[in-house]
Each structure stands twice: as C-alpha cells, then as structure tokens.
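A.B. asks: What follows is a structure written as structure tokens; I'll ask about it next.
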Amino acid sequence: MAYMIPFSPPRIDDKIIAEVTAALQSGWITTGPRTKQFEKNISEYCGCKTTVAVNSWTMGMQVFLNYWGIQPGDEVIIPAYTYCASANVIVHAGAKPVMVDLNEEDFNLNVEKVRQAITPKTKAILAVDISGFPADYDLLMDLVNEEAIKSQFSANNDMQSNLGRIIVISDSAHSFGALMNGKRSGSLTDVSSFSFHAVKNLTTAEGGALCFNLPDSFDHDEIYKEFCTKILHGQNKDALAKTKKGNWKYDVEEPGFKCNMTDIQAAIGLVELERYQESLDRRKMIFHRYADAFSKYNWAIKPAFETDTKTSSYHLYLLRIDGASEAQRDEIIQEIFEHDVSVNVHFQPLPLLTAYKKRGYQMNDYPEAYAKYANEISLPVYFNLTDGDVDRVVAALVASVQKVLA
Ligand SMILES: *Cc1c(COP(=O)(O)O)cnc(C)c1O
C-alpha cells in the first residue's frame, strides 16, 4: 500500500534546523533580538501599524480582551462556526459570546445576522477568516460606523471612548497572507490575531501575533510598549533590558500575564516568513488542482477562495458533499482513511460542544452552520504535498463518496 498522506505536517528542513540551532547557540533563547525582528517583519509584510509576538493566538487574544476592558456584562459577537478558542477567551474575560450564523456562499459570519445580534452591551465583533478567506470587513466596518449603531454604543473606558464604536477584531488564525482590496490580513481591521500553531500556514511550533491597526488617534508605539509589559507579568523591564550593567531593578504596576514568544520560536518564524510566498504559491496550486478535479462531480460543493476583492491564504480546502448526511459524511471519512489519506472536519460548530450546550446555545439556531458542518470534509494542503498526492486524495475521495452514496 502507498504511504499515508498526512493532513498538515510542518515544513521542517535543514534551513529551519540551522536557524533554530543558531538561536540555541547564540546565548539568548527567550524573547530577544529574533523575536523583535520577527515582529518588525510581520508588520512590514501585513502592513499593520505594530505587531506583538506571543506564545499563541489564544493568549494574545486573552490579553487583548483584558487590555481593551472587556468584562462581565459585555457581549462579543462571533460566528457559531469556529474553533473553540474564539469563544473560550470571551468566557474567560467574563463576557458573553453571542453567536451568529454564516453566509450561504462562504464559511464566514453573516453581517446581517451580526446587525440583528448587536445590543447596547456589544463591545466587540470577533470575525473569523475561516479557511483563510477574509470575512466581510468592508460591510462590518460600515455597520459599526452607522450612526444608529454608534449612538447605542456605551464605552467602559477611555480607549473604548476614543474609538467611539464597537471594535472589529479579526481571528486571523487561518489567514496569514490573505488579501482583501489589495491589503493583507493583519491590516484589514482594528486588531488581528494570528496563530503560528504547528498546523497553521506559518508556524513557530506554538505561537501567535497581535497586529494593531487602530485609527491614528491611538499611539501605536505606546500600545506596543504597554503590551510587551502586559505579556511579561506587567514587569516594566524585560530579561534582555535587565542584562545591561546594573539594570536589575524593575517595577510591576499592574499584574500582567505571561505569554511572550521565545527566540527559538522566532527563529522558525523568520525562516517561514522569508519563504512564505513560495509556500502560498504551492498552496494556491493545490487549491486549483482540487477545484479542477472536483468540477467534474456534481456532488462536490467547492469552497470560495478567490473573488474580485478577496484572495484566500489557502489554509484549508473545505469541500462539501452535496446530499450527504452527517452520518454519511462520517462514513465517507472512514472510507478515505482506508485509502491511507488523512482528512479532517473544520469545524464542529460551537453549539455542538458540551461546554457551549451547557451554556444554553442550541444548534437549531444556526441552520447554515450546521448544514456546512454536516457534509464538510477538509482535505490535505501543505507545501510538500505533490501533484501525485493531490491526485491520490481526489481518487480516494471520489471512490469513497461513490461507495457510500451509491
Ligand atoms: C488554531 C486556531 C485558534 C487558536 O490558535 P492557538 O495559536 O492554538 O491558540 C484560534 N482560532 C482559530 C479559528 C483557529 O483555527
């Protein structure tokens, strides 16, 4: 039998190993010069005003919600169809995740449903660029700037008053390198958070970055400084600053968090970013190869990944099988694995998970999210996946669908 095609292995080669070794041998392994360089390169690549590297999307977003003053009594709007992290951070902030259903034509949150979900308690909208395809930020920004919506907004603090409206946050965990109106993900809205987890397009093993792009009434150098403190226990000097002669003393003005990125992680990220275009190009070719292959089958519902205004980062190929029930989809997946091909499902909508069922969310309230989930299968996409591998995935899928739906 042929080798097992994995779902999303990281691209670890001699170049990455050499950079990590160099970081290990440099005498500086925690946050230092490589992390700072990585942050600068991300800001430049994404076109945002400042970037703070952290140890995960989750902690970056948790600290951001704390920084922005999201608290009990507040509501944050999210799509029902996302990874649990998007909702968990809101729960930990003490606020309420308000879930909305998806668009019909793609996997992103529906802006009209967002409009219906806004109340005077709404402090933020956390849109998710599912699969790497940007959410409808033009519509979302227009919505939060509407007079009627702005006038019911009530600020908890000076930053929220300065903005004077609901903040639009992007869960960009999937969308590093995606484009909308010629601008890159990370600069499409007020704040974006990336994940550099092992399975993501760009990895540092574990890691993340917050990209800030607030209006010019915010001092982004000041935000950067405050964040570097906030992610290091609130300590006003980091380890590197303290190595300067006699510079041992520091203060803690507010209790902070601990979620800084290390230079070992940044070493991986620097190489990944340097060759990122090559990685995107390969992913794009894989997406097109899948799209071409599935255009022959009328049961194949292909995902949107390129439109006039948006280009995906080609993170996940979310194929749907028309006419398959949830049970049949599960059977098809079982069959595909028999062909030594790994596939996945993204995502189980949050109302299907015990933690959110217990909090009163009901799947019936999100019919579009359920319909998308029930017949969805995510296919392998990664740099080293060859054309021959793609053809094997397609053949395995076609045979499995035909067997189960026969
Ligand atoms: C992976 C992922 C996250 C969490 O990222 P971590 O870096 O693992 O914290 C958040 N949102 C979405 C949509 C994700 O896929």
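Just so we're on the same page: first chain in the structure tokens is A, next is B, and so on; residues restart at 1 for each chain, and ligands are numbered from 1 in the order they show up.
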I want to know what sits within 12 Å of region 335-339 of chain A, based on only C-alpha atoms, with residues of the same chain fewer than 2 positions away left out; could you give that as a CSV table (one decimal) with N, CA and C atoms, in the first residue's frame?
C.D. replies:
```csv
chain,number,residue,atom,x,y,z
A,1,MET,N,0.8,-1.2,0.0
A,1,MET,CA,0.0,0.0,0.0
A,1,MET,C,0.9,1.3,0.0
A,2,ALA,N,0.4,2.3,-0.6
A,2,ALA,CA,1.1,3.6,-0.7
A,2,ALA,C,1.3,4.2,0.7
A,3,TYR,N,2.2,5.1,0.9
A,3,TYR,CA,2.4,5.7,2.2
A,3,TYR,C,1.2,6.5,2.6
A,4,MET,N,1.0,6.7,3.9
A,4,MET,CA,-0.1,7.5,4.4
A,4,MET,C,0.1,9.0,4.1
A,5,ILE,N,-0.8,9.6,3.5
A,5,ILE,CA,-0.7,11.1,3.3
A,5,ILE,C,-1.3,11.8,4.5
A,6,PRO,N,-0.4,12.5,5.2
A,6,PRO,CA,-0.8,13.2,6.4
A,6,PRO,C,-1.7,14.4,6.1
A,7,PHE,N,-2.3,15.0,7.1
A,7,PHE,CA,-3.2,16.1,6.9
A,7,PHE,C,-2.5,17.4,6.7
A,328,GLN,N,-23.4,10.0,6.9
A,328,GLN,CA,-22.8,9.5,5.6
A,328,GLN,C,-21.4,10.2,5.5
A,329,ARG,N,-21.3,11.5,5.8
A,329,ARG,CA,-20.1,12.2,5.8
A,329,ARG,C,-19.0,11.4,6.6
A,330,ASP,N,-19.5,11.1,7.8
A,330,ASP,CA,-18.5,10.3,8.7
A,330,ASP,C,-18.1,9.0,8.1
A,331,GLU,N,-19.0,8.3,7.5
A,331,GLU,CA,-18.7,7.1,6.8
A,331,GLU,C,-17.7,7.3,5.6
A,332,ILE,N,-17.9,8.4,4.9
A,332,ILE,CA,-17.0,8.7,3.8
A,332,ILE,C,-15.6,8.9,4.3
A,333,ILE,N,-15.5,9.6,5.4
A,333,ILE,CA,-14.2,9.9,6.0
A,333,ILE,C,-13.5,8.6,6.4
A,341,VAL,N,-5.3,8.1,3.3
A,341,VAL,CA,-5.3,9.5,3.1
A,341,VAL,C,-5.9,10.1,4.4
A,342,SER,N,-5.3,11.2,5.0
A,342,SER,CA,-5.8,11.8,6.2
A,342,SER,C,-6.7,13.0,5.8
A,343,VAL,N,-7.8,13.1,6.3
A,343,VAL,CA,-8.7,14.2,6.1
A,343,VAL,C,-9.2,14.7,7.5
A,344,ASN,N,-10.0,15.7,7.5
A,344,ASN,CA,-10.4,16.3,8.8
A,344,ASN,C,-11.8,17.0,8.6
A,377,ILE,N,-15.7,18.1,4.5
A,377,ILE,CA,-14.5,17.3,4.7
A,377,ILE,C,-13.3,18.2,4.3
A,378,SER,N,-12.4,18.4,5.2
A,378,SER,CA,-11.2,19.2,4.9
A,378,SER,C,-10.1,18.3,4.3
A,379,LEU,N,-9.5,18.8,3.2
A,379,LEU,CA,-8.5,17.9,2.5
A,379,LEU,C,-7.1,18.4,2.8
A,380,PRO,N,-6.1,17.5,2.7
A,380,PRO,CA,-4.7,17.9,3.0
A,380,PRO,C,-4.2,19.0,2.1
A,389,ASP,N,0.2,13.3,-5.0
A,389,ASP,CA,-0.5,13.1,-3.7
A,389,ASP,C,-1.9,13.7,-3.9
A,392,ARG,N,-4.1,11.4,-5.6
A,392,ARG,CA,-4.4,10.3,-4.7
A,392,ARG,C,-5.6,10.7,-3.8
A,393,VAL,N,-5.5,11.9,-3.2
A,393,VAL,CA,-6.6,12.4,-2.3
A,393,VAL,C,-7.9,12.4,-3.1
A,394,VAL,N,-7.8,12.9,-4.3
A,394,VAL,CA,-9.1,13.1,-5.1
A,394,VAL,C,-9.6,11.7,-5.4
A,395,ALA,N,-8.7,10.8,-5.8
A,395,ALA,CA,-9.2,9.4,-6.2
A,395,ALA,C,-9.8,8.7,-4.9
A,396,ALA,N,-9.2,8.9,-3.8
A,396,ALA,CA,-9.7,8.3,-2.5
A,396,ALA,C,-11.1,8.9,-2.2
A,397,LEU,N,-11.2,10.2,-2.4
A,397,LEU,CA,-12.4,10.8,-2.0
A,397,LEU,C,-13.6,10.4,-3.0
A,398,VAL,N,-13.3,10.4,-4.3
A,398,VAL,CA,-14.3,10.1,-5.3
A,398,VAL,C,-14.8,8.6,-5.0
A,399,ALA,N,-13.8,7.7,-4.8
A,399,ALA,CA,-14.2,6.3,-4.6
A,399,ALA,C,-15.0,6.2,-3.3
A,400,SER,N,-14.7,6.9,-2.3
A,400,SER,CA,-15.4,6.8,-1.0
A,400,SER,C,-16.8,7.4,-1.1
A,401,VAL,N,-16.9,8.5,-1.8
A,401,VAL,CA,-18.2,9.1,-1.9
A,401,VAL,C,-19.1,8.2,-2.8
A,402,GLN,N,-18.6,7.7,-3.8
A,402,GLN,CA,-19.4,6.8,-4.7
A,402,GLN,C,-19.8,5.5,-4.0
A,403,LYS,N,-18.9,5.0,-3.1
A,403,LYS,CA,-19.3,3.8,-2.3
A,403,LYS,C,-20.4,4.1,-1.3
A,404,VAL,N,-20.2,5.2,-0.6
A,404,VAL,CA,-21.2,5.5,0.5
A,404,VAL,C,-22.5,6.0,-0.1
A,405,LEU,N,-22.5,6.8,-1.1
A,405,LEU,CA,-23.7,7.4,-1.6
A,405,LEU,C,-24.4,6.6,-2.7
```
A.B. asks: If DSSP is run on the backbone, what residues of region 59-237 of chain A are strand (DSSP E or B)? A reply as a VMD selection string would be ideal.
C.D. replies: chain A and resid 75 to 79 96 to 100 102 109 122 to 128 167 to 171 179 to 180 183 to 184 191 to 195 208 to 212 232 235
A.B. asks: Counting only C-alpha atoms and all ligand atoms, name the residues that have an atom within 10 Å of an atom of ligand 1; the answer should be given as a PyMOL selection string.
C.D. replies: chain A and resi 54-62+81-89+127-132+170-175+193-200+203-209+315-316+346-347
A.B. asks: Of the candidates A:Asp238, A:Glu278, A:Glu146, A:Asp387, which shows the shortest atom-to-atom distance to Thr30 (chain A), using only C-alpha atoms?
C.D. replies: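 Going through A:Asp238, A:Glu278, A:Glu146, A:Asp387 one by one, the smallest distance to Thr30 (chain A) is for A:Asp238.
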A.B. asks: Could you give me, as JSON lines, a per-residue list for region 111-205 of chain A showing, wherever an atom lies at most 6 Å from an atom of region 302-312 of chain A, the closest pair of atoms and their distance in Å to one decimal, using only C-alpha atoms and sorting by chain then residue number from low to high?
C.D. replies:
```
{"residue": "A:Gly132", "atom": "CA", "partner": "A:Ser312", "partner_atom": "CA", "distance": 5.0}
{"residue": "A:Phe133", "atom": "CA", "partner": "A:Ser312", "partner_atom": "CA", "distance": 4.3}
{"residue": "A:Ala178", "atom": "CA", "partner": "A:Ser312", "partner_atom": "CA", "distance": 4.8}
{"residue": "A:Leu179", "atom": "CA", "partner": "A:Thr311", "partner_atom": "CA", "distance": 5.0}
{"residue": "A:Met180", "atom": "CA", "partner": "A:Lys310", "partner_atom": "CA", "distance": 4.4}
{"residue": "A:Asn181", "atom": "CA", "partner": "A:Thr309", "partner_atom": "CA", "distance": 5.1}
```
A.B. asks: Take the residues that were just selected and, keeping N, CA and C atoms, output them as a PDB file, in the first residue's frame.
C.D. replies:
```pdb
ATOM      1  N   GLY A 132      -8.971  30.786   5.784  1.00  0.00           N
ATOM      2  CA  GLY A 132      -8.032  31.754   5.211  1.00  0.00           C
ATOM      3  C   GLY A 132      -8.696  32.757   4.294  1.00  0.00           C
ATOM      4  N   PHE A 133     -10.035  32.649   4.180  1.00  0.00           N
ATOM      5  CA  PHE A 133     -10.803  33.550   3.318  1.00  0.00           C
ATOM      6  C   PHE A 133     -11.355  34.686   4.182  1.00  0.00           C
ATOM      7  N   ALA A 178      -3.484  36.337   3.421  1.00  0.00           N
ATOM      8  CA  ALA A 178      -4.697  36.547   2.625  1.00  0.00           C
ATOM      9  C   ALA A 178      -4.820  38.022   2.260  1.00  0.00           C
ATOM     10  N   LEU A 179      -5.548  38.310   1.179  1.00  0.00           N
ATOM     11  CA  LEU A 179      -5.691  39.683   0.699  1.00  0.00           C
ATOM     12  C   LEU A 179      -7.155  40.067   0.599  1.00  0.00           C
ATOM     13  N   MET A 180      -7.416  41.361   0.873  1.00  0.00           N
ATOM     14  CA  MET A 180      -8.743  41.911   0.617  1.00  0.00           C
ATOM     15  C   MET A 180      -8.539  43.341   0.128  1.00  0.00           C
ATOM     16  N   ASN A 181      -9.125  43.682  -0.989  1.00  0.00           N
ATOM     17  CA  ASN A 181      -8.938  45.001  -1.600  1.00  0.00           C
ATOM     18  C   ASN A 181      -7.454  45.363  -1.680  1.00  0.00           C
TER      19      ASN A 181
END
```
A.B. asks: Region 180-330 of chain A: which residues are helix (DSSP H, G or I) by DSSP, as an MDAnalysis selection string?
C.D. replies: chainID A and resid 220:230 239:242 263:274 276:294 326:330
A.B. asks: Ranking A:Lys113, A:Lys123, A:Lys49, A:Lys15 by minimum distance to Glu368 (chain A) and counting only C-alpha atoms, which one comes first?
C.D. replies: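 Of the candidates, the smallest distance to Glu368 (chain A) is held by A:Lys113.
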A.B. asks: So which residues touch Ser151 (chain A) within 10 Å, counting only C-alpha atoms, skipping near sequence neighbours fewer than 4 positions away, as a list in words?
C.D. replies: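 After dropping sequence-adjacent residues, the list is Pro120, Asn145, Glu146, Glu147, Gly164 and Arg165 of chain A.
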A.B. asks: Store the residues picked out above in a file with C-alpha atoms, as a PDB file, in the first residue's frame.
C.D. replies:
```pdb
ATOM      1  CA  PRO A 120     -26.069  48.225  23.775  1.00  0.00           C
ATOM      2  CA  ASN A 145     -19.875  53.112  11.822  1.00  0.00           C
ATOM      3  CA  GLU A 146     -23.617  53.523  11.201  1.00  0.00           C
ATOM      4  CA  GLU A 147     -24.983  56.389  13.299  1.00  0.00           C
ATOM      5  CA  GLY A 164     -16.330  55.519  19.859  1.00  0.00           C
ATOM      6  CA  ARG A 165     -17.768  52.359  18.370  1.00  0.00           C
TER       7      ARG A 165
END
```
A.B. asks: Extract, using only C-alpha atoms, all DNA, RNA and protein residues at most 10 Å from Asn103 (chain A), discarding same-chain residues fewer than 3 positions from it, and format them as number ranges by chain.
C.D. replies: A: 100, 106-113, 135-136, 368-369
A.B. asks: Write out the residues from the selection above, keeping C-alpha atoms, as a tab-separated table (two decimals), in the first residue's frame.
C.D. replies:
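Generated file (part11.tsv):
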```
chain	number	residue	atom	x	y	z
A	100	VAL	CA	-24.33	34.28	14.78
A	106	ASP	CA	-18.91	31.04	2.15
A	107	PHE	CA	-17.97	29.91	5.67
A	108	ASN	CA	-17.79	33.40	7.19
A	109	LEU	CA	-20.15	35.11	9.59
A	110	ASN	CA	-23.21	36.77	8.09
A	111	VAL	CA	-23.15	40.54	8.57
A	112	GLU	CA	-26.95	40.88	8.57
A	113	LYS	CA	-27.06	38.35	11.44
A	135	ALA	CA	-14.61	37.87	6.49
A	136	ASP	CA	-16.66	40.77	5.07
A	368	GLU	CA	-26.41	27.39	7.96
A	369	ALA	CA	-23.52	26.47	10.30
```
A.B. asks: Would you pick out the contacts of Ile149 (chain A) at 9 Å or less, using only C-alpha atoms, so that residues sharing its chain but fewer than 4 positions from it are not included, and give the list as a short mmCIF file (atom, residue, chain, number, x, y, z; two decimals) with N, CA, C and O atoms, in the first residue's frame?
C.D. replies:
```
data_model
loop_
_atom_site.label_atom_id
_atom_site.label_comp_id
_atom_site.auth_asym_id
_atom_site.auth_seq_id
_atom_site.Cartn_x
_atom_site.Cartn_y
_atom_site.Cartn_z
N ARG A 115 -25.78 42.31 12.55
CA ARG A 115 -26.61 43.50 12.81
C ARG A 115 -27.73 43.16 13.80
O ARG A 115 -27.97 43.88 14.77
N ILE A 118 -26.55 42.81 17.52
CA ILE A 118 -25.96 43.94 18.25
C ILE A 118 -26.95 44.49 19.29
O ILE A 118 -28.13 44.67 19.00
N THR A 119 -26.43 44.72 20.49
CA THR A 119 -27.23 45.34 21.56
C THR A 119 -26.35 46.44 22.18
O THR A 119 -25.17 46.54 21.84
N PRO A 120 -26.91 47.21 23.11
CA PRO A 120 -26.07 48.23 23.77
C PRO A 120 -24.90 47.60 24.56
O PRO A 120 -23.97 48.30 24.94
N LEU A 143 -21.03 48.76 9.08
CA LEU A 143 -22.06 48.50 10.09
C LEU A 143 -21.72 49.20 11.42
O LEU A 143 -22.55 49.91 11.97
N VAL A 144 -20.50 49.01 11.93
CA VAL A 144 -20.18 49.58 13.24
C VAL A 144 -20.08 51.10 13.19
O VAL A 144 -20.14 51.77 14.21
N ASN A 145 -19.94 51.65 11.97
CA ASN A 145 -19.88 53.11 11.82
C ASN A 145 -21.22 53.76 11.54
O ASN A 145 -21.32 54.98 11.46
N PHE A 153 -23.78 52.60 21.35
CA PHE A 153 -22.56 52.03 21.93
C PHE A 153 -22.23 52.75 23.23
O PHE A 153 -22.22 53.97 23.29
N ARG A 165 -16.91 53.33 19.06
CA ARG A 165 -17.77 52.36 18.37
C ARG A 165 -17.34 50.95 18.78
O ARG A 165 -16.32 50.78 19.47
N ILE A 166 -18.10 49.97 18.31
CA ILE A 166 -17.75 48.57 18.53
C ILE A 166 -16.42 48.30 17.82
O ILE A 166 -16.24 48.69 16.66
#
```
A.B. asks: Can you list, as a list in words, every protein, DNA or RNA residue that comes within 10 Å of Asn156 (chain A) when you count only C-alpha atoms, leaving out same-chain residues fewer than 3 positions away?
C.D. replies: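 The neighbour list is Trp68, Gly69, Ile70, Gln71, Asp74, Lys123, Phe153, Met159, Gln160 and Ser161 of chain A.
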